[in-house]
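Next comes data_32.csv, a file with CSV, C-alpha atoms and all ligand atoms.
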```
chain,number,residue,atom,x,y,z
A,1,MET,CA,-71.3,-8.7,51.4
A,2,THR,CA,-72.4,-12.3,51.3
A,3,ALA,CA,-70.7,-15.7,51.8
A,4,SER,CA,-70.7,-16.2,48.1
A,5,TYR,CA,-67.8,-13.8,47.8
A,6,PRO,CA,-65.1,-15.3,50.1
A,7,ASN,CA,-62.4,-13.5,48.1
A,8,THR,CA,-63.4,-10.3,50.0
A,9,ARG,CA,-62.8,-11.6,53.5
A,10,LEU,CA,-60.8,-8.7,55.1
A,11,ARG,CA,-60.5,-10.6,58.3
A,12,ARG,CA,-58.2,-13.1,56.6
A,13,THR,CA,-55.0,-10.9,57.0
A,14,ARG,CA,-56.0,-10.1,60.6
A,15,ALA,CA,-56.2,-13.7,61.8
A,16,SER,CA,-52.7,-13.9,63.3
A,17,GLY,CA,-50.0,-11.7,64.8
A,18,TRP,CA,-47.4,-12.4,62.0
A,19,SER,CA,-49.9,-11.5,59.4
A,20,ARG,CA,-51.0,-8.3,61.1
A,21,ALA,CA,-47.3,-7.4,61.3
A,22,LEU,CA,-46.9,-8.1,57.6
A,23,TYR,CA,-49.8,-6.0,56.5
A,24,ARG,CA,-49.3,-3.1,59.0
A,25,GLU,CA,-49.3,0.2,57.0
A,26,ASN,CA,-47.8,2.6,59.6
A,27,LEU,CA,-45.1,2.4,62.2
A,28,VAL,CA,-44.0,4.6,65.1
A,29,THR,CA,-40.4,4.5,66.1
A,30,PRO,CA,-38.4,6.5,68.7
A,31,ALA,CA,-37.0,8.4,65.8
A,32,ASP,CA,-40.4,9.9,65.2
A,33,LEU,CA,-40.4,11.6,68.6
A,34,ILE,CA,-39.5,15.0,69.9
A,35,TRP,CA,-39.4,15.3,73.7
A,36,PRO,CA,-40.4,18.7,75.1
A,37,MET,CA,-38.8,19.6,78.5
A,38,PHE,CA,-39.1,22.5,81.0
A,39,VAL,CA,-36.0,24.2,82.4
A,40,THR,CA,-35.9,26.0,85.7
A,41,GLU,CA,-33.2,27.9,87.8
A,42,GLY,CA,-31.0,26.3,90.4
A,43,GLU,CA,-29.0,23.2,91.0
A,44,GLY,CA,-30.4,19.8,91.6
A,45,VAL,CA,-33.9,21.1,91.3
A,46,GLU,CA,-36.9,19.0,90.2
A,47,GLU,CA,-40.3,20.7,90.4
A,48,PRO,CA,-43.3,18.5,89.5
A,49,ILE,CA,-45.9,20.3,87.5
A,50,GLY,CA,-49.3,19.7,89.1
A,51,SER,CA,-51.4,19.9,85.9
A,52,LEU,CA,-48.9,17.6,84.0
A,53,PRO,CA,-48.6,14.6,86.2
A,54,GLY,CA,-45.3,12.8,85.6
A,55,VAL,CA,-43.6,15.9,84.0
A,56,SER,CA,-41.2,18.1,86.0
A,57,ARG,CA,-39.2,21.3,85.5
A,58,TRP,CA,-35.5,20.5,85.9
A,59,SER,CA,-32.6,22.7,86.6
A,60,VAL,CA,-29.9,22.7,83.9
A,61,ASP,CA,-28.0,19.7,85.5
A,62,GLY,CA,-31.2,17.7,85.5
A,63,ILE,CA,-32.0,18.7,81.9
A,64,VAL,CA,-28.6,17.3,80.9
A,65,LYS,CA,-29.5,14.0,82.5
A,66,GLN,CA,-32.8,13.9,80.6
A,67,ALA,CA,-31.0,14.8,77.3
A,68,ASN,CA,-28.6,11.9,77.9
A,69,GLU,CA,-31.7,9.7,78.4
A,70,ALA,CA,-33.2,10.9,75.2
A,71,VAL,CA,-30.0,9.8,73.3
A,72,ALA,CA,-30.1,6.4,75.1
A,73,LEU,CA,-33.7,5.9,74.1
A,74,GLY,CA,-33.1,6.8,70.4
A,75,ILE,CA,-35.1,10.1,70.6
A,76,PRO,CA,-33.4,12.4,68.0
A,77,VAL,CA,-34.5,15.8,69.3
A,78,VAL,CA,-35.5,17.6,72.6
A,79,ALA,CA,-37.5,20.8,72.7
A,80,LEU,CA,-36.7,23.3,75.5
A,81,PHE,CA,-38.9,25.7,77.3
A,82,PRO,CA,-37.8,27.9,80.2
A,83,ASN,CA,-39.6,28.9,83.4
A,84,THR,CA,-38.0,32.3,83.7
A,85,GLN,CA,-37.7,33.6,87.2
A,86,SER,CA,-40.3,36.2,87.8
A,87,ASP,CA,-37.9,39.1,88.5
A,88,ARG,CA,-36.5,38.6,85.0
A,89,ARG,CA,-39.9,38.9,83.3
A,90,SER,CA,-40.7,42.3,81.9
A,91,GLU,CA,-43.1,44.2,79.7
A,92,ASP,CA,-40.7,43.8,76.7
A,93,GLY,CA,-39.4,40.3,77.4
A,94,ALA,CA,-35.8,41.5,77.1
A,95,GLU,CA,-34.6,38.4,78.9
A,96,ALA,CA,-35.3,36.5,75.7
A,97,HIS,CA,-32.2,37.9,74.1
A,98,ASN,CA,-29.9,37.8,77.1
A,99,PRO,CA,-27.0,35.5,76.1
A,100,ASP,CA,-26.9,34.0,79.6
A,101,ASN,CA,-30.5,33.3,80.0
A,102,LEU,CA,-31.8,30.0,81.2
A,103,MET,CA,-32.4,28.7,77.7
A,104,CYS,CA,-28.9,29.5,76.5
A,105,ARG,CA,-27.3,27.9,79.6
A,106,ALA,CA,-29.4,24.7,79.0
A,107,ILE,CA,-28.6,24.7,75.3
A,108,ARG,CA,-24.8,24.9,76.0
A,109,ALA,CA,-24.9,22.3,78.7
A,110,ILE,CA,-26.8,19.8,76.5
A,111,LYS,CA,-24.5,20.5,73.6
A,112,ASP,CA,-21.4,19.9,75.8
A,113,ALA,CA,-22.9,16.6,77.0
A,114,CYS,CA,-24.5,15.2,73.9
A,115,GLY,CA,-22.8,17.0,70.9
A,116,ASP,CA,-24.2,15.8,67.6
A,117,ASP,CA,-26.0,12.8,69.1
A,118,LEU,CA,-29.0,15.0,69.9
A,119,GLY,CA,-30.8,17.9,68.1
A,120,ILE,CA,-32.0,20.8,70.2
A,121,LEU,CA,-35.2,22.6,69.2
A,122,THR,CA,-35.8,26.0,70.8
A,123,ASP,CA,-39.0,27.9,71.1
A,124,VAL,CA,-39.2,31.4,69.8
A,125,ALA,CA,-41.9,33.5,71.4
A,126,LEU,CA,-41.9,36.0,74.2
A,127,ASP,CA,-44.5,34.4,76.6
A,128,PRO,CA,-42.0,32.9,79.0
A,129,TYR,CA,-40.3,36.3,79.3
A,130,THR,CA,-43.1,38.8,79.4
A,131,SER,CA,-44.8,40.1,82.5
A,132,HIS,CA,-48.1,39.9,80.7
A,133,GLY,CA,-47.8,36.4,79.3
A,134,GLN,CA,-48.4,37.3,75.7
A,135,ASP,CA,-46.1,36.0,72.9
A,136,GLY,CA,-45.2,39.5,71.7
A,137,LEU,CA,-45.0,43.2,72.5
A,138,LEU,CA,-48.1,45.2,73.4
A,139,ASP,CA,-49.1,48.6,72.1
A,140,LYS,CA,-51.0,51.1,74.3
A,141,ASN,CA,-54.3,49.4,73.6
A,142,GLY,CA,-52.9,46.0,74.6
A,143,TYR,CA,-52.8,44.7,71.1
A,144,VAL,CA,-49.9,42.4,70.3
A,145,THR,CA,-47.9,44.3,67.6
A,146,ASN,CA,-46.6,42.4,64.7
A,147,ASP,CA,-43.5,44.0,63.2
A,148,ASP,CA,-42.0,45.3,66.4
A,149,THR,CA,-42.5,41.8,67.9
A,150,VAL,CA,-40.8,40.2,64.9
A,151,ALA,CA,-37.7,42.4,65.4
A,152,VAL,CA,-37.3,41.1,69.0
A,153,LEU,CA,-38.0,37.5,67.9
A,154,VAL,CA,-35.1,37.8,65.5
A,155,ASP,CA,-32.8,38.8,68.4
A,156,GLN,CA,-34.2,35.9,70.4
A,157,ALA,CA,-33.6,33.4,67.6
A,158,LEU,CA,-30.1,34.6,67.0
A,159,ASN,CA,-29.4,34.4,70.7
A,160,GLN,CA,-30.5,30.7,70.7
A,161,ALA,CA,-28.5,30.1,67.5
A,162,GLU,CA,-25.3,31.5,69.0
A,163,ALA,CA,-25.8,29.2,72.1
A,164,GLY,CA,-26.0,26.1,69.8
A,165,ALA,CA,-29.6,25.5,68.9
A,166,ASP,CA,-30.1,23.2,66.0
A,167,ILE,CA,-33.8,23.9,65.1
A,168,ILE,CA,-35.4,27.3,65.7
A,169,ALA,CA,-39.1,26.9,66.3
A,170,PRO,CA,-41.1,30.1,66.2
A,171,SER,CA,-44.4,29.5,68.1
A,172,ASP,CA,-45.6,33.1,68.2
A,173,MET,CA,-47.7,33.2,65.0
A,174,MET,CA,-46.5,36.7,63.9
A,175,ASP,CA,-46.7,37.4,60.2
A,176,GLY,CA,-43.3,37.4,58.4
A,177,ARG,CA,-41.2,36.1,61.3
A,178,VAL,CA,-39.9,33.1,59.4
A,179,HIS,CA,-38.5,35.2,56.6
A,180,ALA,CA,-36.9,37.7,59.1
A,181,ILE,CA,-35.4,34.8,61.2
A,182,ARG,CA,-34.1,33.0,58.1
A,183,MET,CA,-32.4,36.2,56.8
A,184,ALA,CA,-30.8,36.9,60.1
A,185,LEU,CA,-29.5,33.3,60.3
A,186,GLU,CA,-28.1,33.6,56.8
A,187,MET,CA,-26.4,36.9,57.5
A,188,ASN,CA,-24.9,35.8,60.8
A,189,GLY,CA,-23.2,32.6,59.7
A,190,HIS,CA,-25.8,30.0,60.5
A,191,PRO,CA,-26.9,28.7,57.1
A,192,ASN,CA,-27.5,25.2,58.4
A,193,ILE,CA,-29.7,25.9,61.4
A,194,GLN,CA,-33.2,24.6,60.7
A,195,ILE,CA,-36.5,26.4,61.2
A,196,MET,CA,-39.5,24.4,62.2
A,197,SER,CA,-42.3,26.8,62.2
A,198,TYR,CA,-45.4,26.5,64.3
A,199,ALA,CA,-47.3,27.3,61.0
A,200,ALA,CA,-50.8,26.2,61.9
A,201,LYS,CA,-51.1,27.0,65.6
A,202,TYR,CA,-54.6,27.4,66.9
A,203,ALA,CA,-56.0,29.5,69.7
A,204,SER,CA,-56.7,26.4,71.7
A,205,ALA,CA,-58.0,25.5,75.2
A,206,PHE,CA,-55.5,22.6,75.3
A,207,TYR,CA,-52.5,24.7,76.3
A,208,GLY,CA,-53.4,25.2,80.0
A,209,PRO,CA,-50.8,22.9,81.7
A,210,PHE,CA,-48.0,24.3,79.5
A,211,ARG,CA,-48.8,27.8,80.7
A,212,ASP,CA,-48.5,26.5,84.3
A,213,ALA,CA,-45.2,24.8,83.4
A,214,VAL,CA,-43.6,28.0,82.0
A,215,GLY,CA,-45.3,30.2,84.6
A,216,SER,CA,-47.1,32.4,82.1
A,217,GLY,CA,-50.7,31.2,82.8
A,218,GLY,CA,-51.3,33.3,85.9
A,219,LEU,CA,-49.9,36.4,84.2
A,220,LEU,CA,-51.9,36.1,81.0
A,221,LYS,CA,-54.9,38.4,80.7
A,222,GLY,CA,-57.3,37.7,77.9
A,223,ASP,CA,-56.4,35.3,75.1
A,224,LYS,CA,-54.2,34.9,72.0
A,225,LYS,CA,-57.0,35.0,69.4
A,226,THR,CA,-55.6,38.0,67.6
A,227,TYR,CA,-52.6,36.0,66.4
A,228,GLN,CA,-53.2,32.2,66.9
A,229,MET,CA,-55.6,30.6,64.4
A,230,ASP,CA,-59.3,30.3,64.7
A,231,PRO,CA,-60.1,26.6,65.5
A,232,ALA,CA,-62.9,26.8,62.9
A,233,ASN,CA,-60.5,27.3,60.0
A,234,GLY,CA,-58.8,24.6,57.8
A,235,GLU,CA,-57.9,26.2,54.4
A,236,GLU,CA,-56.3,29.1,56.2
A,237,ALA,CA,-53.8,26.5,57.6
A,238,LEU,CA,-52.6,25.8,54.0
A,239,ARG,CA,-51.9,29.5,53.5
A,240,GLU,CA,-50.0,29.7,56.7
A,241,VAL,CA,-47.9,26.7,55.8
A,242,GLU,CA,-47.3,27.8,52.2
A,243,LEU,CA,-46.1,31.2,53.4
A,244,ASP,CA,-43.8,29.7,56.1
A,245,ILE,CA,-42.2,27.3,53.6
A,246,ALA,CA,-41.7,30.2,51.1
A,247,GLU,CA,-40.2,32.3,53.8
A,248,GLY,CA,-37.6,29.7,54.5
A,249,ALA,CA,-39.0,27.1,57.0
A,250,ASP,CA,-37.6,23.5,56.6
A,251,SER,CA,-40.6,21.9,58.3
A,252,VAL,CA,-43.9,23.0,59.7
A,253,MET,CA,-45.9,22.1,62.7
A,254,VAL,CA,-49.6,21.7,63.3
A,255,LYS,CA,-50.7,22.3,66.9
A,256,PRO,CA,-52.6,21.0,68.9
A,257,GLY,CA,-52.5,17.4,67.8
A,258,LEU,CA,-55.3,14.9,67.9
A,259,ALA,CA,-58.2,17.4,67.5
A,260,TYR,CA,-56.4,18.7,64.4
A,261,LEU,CA,-55.4,15.5,62.6
A,262,ASP,CA,-57.5,16.7,59.6
A,263,ILE,CA,-55.1,19.6,59.3
A,264,VAL,CA,-52.0,17.4,59.5
A,265,HIS,CA,-53.5,15.3,56.7
A,266,LEU,CA,-54.5,18.3,54.6
A,267,VAL,CA,-51.1,19.9,54.8
A,268,LYS,CA,-49.3,16.7,54.1
A,269,GLU,CA,-51.5,15.7,51.2
A,270,SER,CA,-51.8,19.1,49.6
A,271,LEU,CA,-48.2,20.4,50.1
A,272,GLY,CA,-46.0,17.4,50.7
A,273,VAL,CA,-43.7,19.1,53.2
A,274,PRO,CA,-42.3,17.7,56.4
A,275,THR,CA,-45.2,18.1,58.8
A,276,PHE,CA,-44.9,17.7,62.5
A,277,ALA,CA,-47.7,17.6,65.1
A,278,TYR,CA,-47.6,18.7,68.7
A,279,GLN,CA,-49.5,16.6,71.1
A,280,VAL,CA,-49.9,19.4,73.6
A,281,SER,CA,-50.0,19.6,77.3
A,282,GLY,CA,-53.8,19.4,77.6
A,283,GLU,CA,-53.8,16.2,75.5
A,284,TYR,CA,-51.1,14.6,77.7
A,285,ALA,CA,-53.1,15.6,80.8
A,286,MET,CA,-56.3,14.0,79.3
A,287,ILE,CA,-54.6,10.7,78.7
A,288,GLU,CA,-53.1,10.8,82.2
A,289,ALA,CA,-56.5,11.6,83.7
A,290,ALA,CA,-58.1,8.8,81.7
A,291,ALA,CA,-55.5,6.3,82.8
A,292,ALA,CA,-55.7,7.4,86.5
A,293,ALA,CA,-59.5,7.0,86.4
A,294,GLY,CA,-59.2,3.5,85.1
A,295,ALA,CA,-60.8,4.5,81.8
A,296,GLY,CA,-58.0,3.1,79.6
A,297,ASP,CA,-54.6,1.6,79.6
A,298,ARG,CA,-52.0,4.4,79.6
A,299,ASP,CA,-49.4,2.5,77.4
A,300,ALA,CA,-52.0,1.5,74.8
A,301,LEU,CA,-53.6,5.0,74.7
A,302,VAL,CA,-50.2,6.6,74.2
A,303,LEU,CA,-49.1,4.2,71.4
A,304,GLU,CA,-52.5,4.3,69.6
A,305,THR,CA,-52.6,8.1,69.6
A,306,LEU,CA,-49.0,8.3,68.2
A,307,LEU,CA,-49.9,5.9,65.5
A,308,ALA,CA,-52.9,8.1,64.6
A,309,PHE,CA,-50.5,11.0,63.9
A,310,LYS,CA,-48.4,8.8,61.6
A,311,ARG,CA,-51.4,7.5,59.8
A,312,ALA,CA,-52.6,11.1,59.3
A,313,GLY,CA,-49.2,11.8,57.6
A,314,ALA,CA,-47.1,13.4,60.4
A,315,SER,CA,-43.3,13.2,60.0
A,316,GLY,CA,-43.0,13.1,63.7
A,317,VAL,CA,-44.7,14.1,67.0
A,318,LEU,CA,-43.8,16.4,69.9
A,319,THR,CA,-45.1,14.7,73.0
A,320,TYR,CA,-44.5,14.7,76.7
A,321,HIS,CA,-45.0,10.9,76.5
A,322,ALA,CA,-41.8,10.6,74.3
A,323,PRO,CA,-39.7,8.8,77.0
A,324,LEU,CA,-42.5,6.4,77.9
A,325,ALA,CA,-43.3,5.7,74.2
A,326,ALA,CA,-39.7,5.2,73.3
A,327,ARG,CA,-39.3,2.7,76.2
A,328,LEU,CA,-42.4,0.8,75.1
A,329,LEU,CA,-41.2,0.8,71.4
A,330,ASN,CA,-37.7,-0.3,72.3
A,331,GLY,CA,-39.3,-3.2,74.1
B,1,LIG,C1,-46.3,29.7,73.5
B,1,LIG,C2,-46.4,28.2,73.4
B,1,LIG,C3,-47.5,27.5,73.9
B,1,LIG,C4,-47.2,26.1,73.7
B,1,LIG,C5,-45.9,26.0,73.1
B,1,LIG,N1,-45.5,27.3,72.9
B,1,LIG,C6,-48.7,27.9,74.6
B,1,LIG,C7,-49.4,29.1,74.1
B,1,LIG,O1,-49.5,29.4,72.9
B,1,LIG,O2,-50.0,29.7,75.0
B,1,LIG,C8,-48.1,25.0,74.1
B,1,LIG,C9,-47.6,23.7,74.3
B,1,LIG,C10,-48.4,22.8,75.1
B,1,LIG,O3,-49.6,23.1,75.5
B,1,LIG,O4,-47.9,21.7,75.3
B,1,LIG,N2,-45.4,30.3,72.7
```
Mind turning this structure into structure tokens?
Amino acid sequence: MTASYPNTRLRRTRASGWSRALYRENLVTPADLIWPMFVTEGEGVEEPIGSLPGVSRWSVDGIVKQANEAVALGIPVVALFPNTQSDRRSEDGAEAHNPDNLMCRAIRAIKDACGDDLGILTDVALDPYTSHGQDGLLDKNGYVTNDDTVAVLVDQALNQAEAGADIIAPSDMMDGRVHAIRMALEMNGHPNIQIMSYAAKYASAFYGPFRDAVGSGGLLKGDKKTYQMDPANGEEALREVELDIAEGADSVMVKPGLAYLDIVHLVKESLGVPTFAYQVSGEYAMIEAAAAAGAGDRDALVLETLLAFKRAGASGVLTYHAPLAARLLNG
């Protein structure tokens, strides 16, 4: 580029704030955010999570307050995860389909308080309920079985649906579970309950703090590599997404987030389906650690990463920074 071509000065549109606003290609709003929350037993209980500074587990009454805050901030959906008390965890995770489990009580309480002002997304997978911390049922060799697990996941999903969940989000990565859950929802009078499948979920090192939060981390032996995707794979993500859409998912998720933006982009560009990204617990913790170490400004880091998801093509982002981001965006 030489000065003899002044028509190509790209800095021209960046020279002032009004112009940058005019030429901005992507925007984050509170409506792009899904706020994940952790529920625990008791009344008036708040338990800070050491590896997720600034995030706590709340008893159902506290979760309702958080849900009301989500509505006030313009956040459309909350995602719920339970920390099941240890004497209710078992080899087969049966607590997952107890109609009075912690999740169902939280769903009903939030629905009572917020009605249609807030969507509730619920996680389908057995890890918060099993004594071994895996997302499914084990055979005698310790392998996580597929079809037997799917049958239990269907019961879990129906249980959440009956309690009032709006979006069922299977995070287990079993084959065929979206179809099985969709059929069960249809046959049991829930044709309008959505499924957001964790379609491209990778066996990642970024989930550590989440496992502390739901209390499965200390229980888990081994890893989840026989069902979660290999981080080396990209085109396999397209097959996962295509299958889940064909099986009846309304939207799909890519997880983790920032390290997998290429997958978000690939899915959105190739298949043109509503694609969400989960900025997971380890990513949240990294931003918090960077801010605490003085390596960056928390607010700016949060908004810049959220914008990156939108730029990559995400329809929205699950993030523990949702309330902070919404406050910043609401000015
Ligand atoms: C498990 C589940 C995980 C997360 C959501 N659902 C962890 C895992 O697969 O072990 C991770 C979320 C996060 O790290 O924030 N079904």
> How many Å separate atom CA of A:Ser281 from atom CA of A:Lys65?
Replying inline: 21.9 Å
>> List as a count of residues only the protein and nucleic acid residues near A:Phe309, meaning an atom at most 12 Å away when only C-alpha atoms are counted, but skip any in the same chain fewer than 6 places from it.
In response: 30
> Which protein, DNA or RNA residues have an atom within 6 Å of ligand LIG 1 (chain B), counting only C-alpha atoms and all ligand atoms, as JSON, numbers by chain?
Replying inline: {"A": [125, 127, 135, 171, 172, 206, 207, 210, 280, 281, 282]}
>> (-36.4, 12.9, 73.0) in this file's frame - what residues fall within 12 Å of it? Use only C-alpha atoms and give the answer as a ChimeraX atom specification.
In response: /A:29-37,63-80,117-121,316-327
>> Please report the interatomic distance between atom CA of A:Asn7 and atom CA of A:Leu22 in Å with one decimal.
In response: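 Separating atom CA of A:Asn7 from atom CA of A:Leu22 is a distance of 19.0 Å.
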>> List as an MDAnalysis selection string the protein and nucleic acid residues near stretch 187-190 of chain A, meaning an atom at most 10 Å away when only C-alpha atoms are counted, but skip any in the same chain fewer than 3 places from it.
In response: chainID A and resid 158 161:162 166 181:184 193:194
> Suppose you want the space between atom CA of A:Pro53 and atom CA of A:Arg211; what is it in Å?
Replying inline: 14.3 Å
>> Nearest residue to A:Ala94 out of A:Asp116, A:Asp123, A:Asp61, A:Asp155, using all atoms listed in the file?
In response: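 Looking at the shortest contact to A:Ala94, the residue is A:Asp155.
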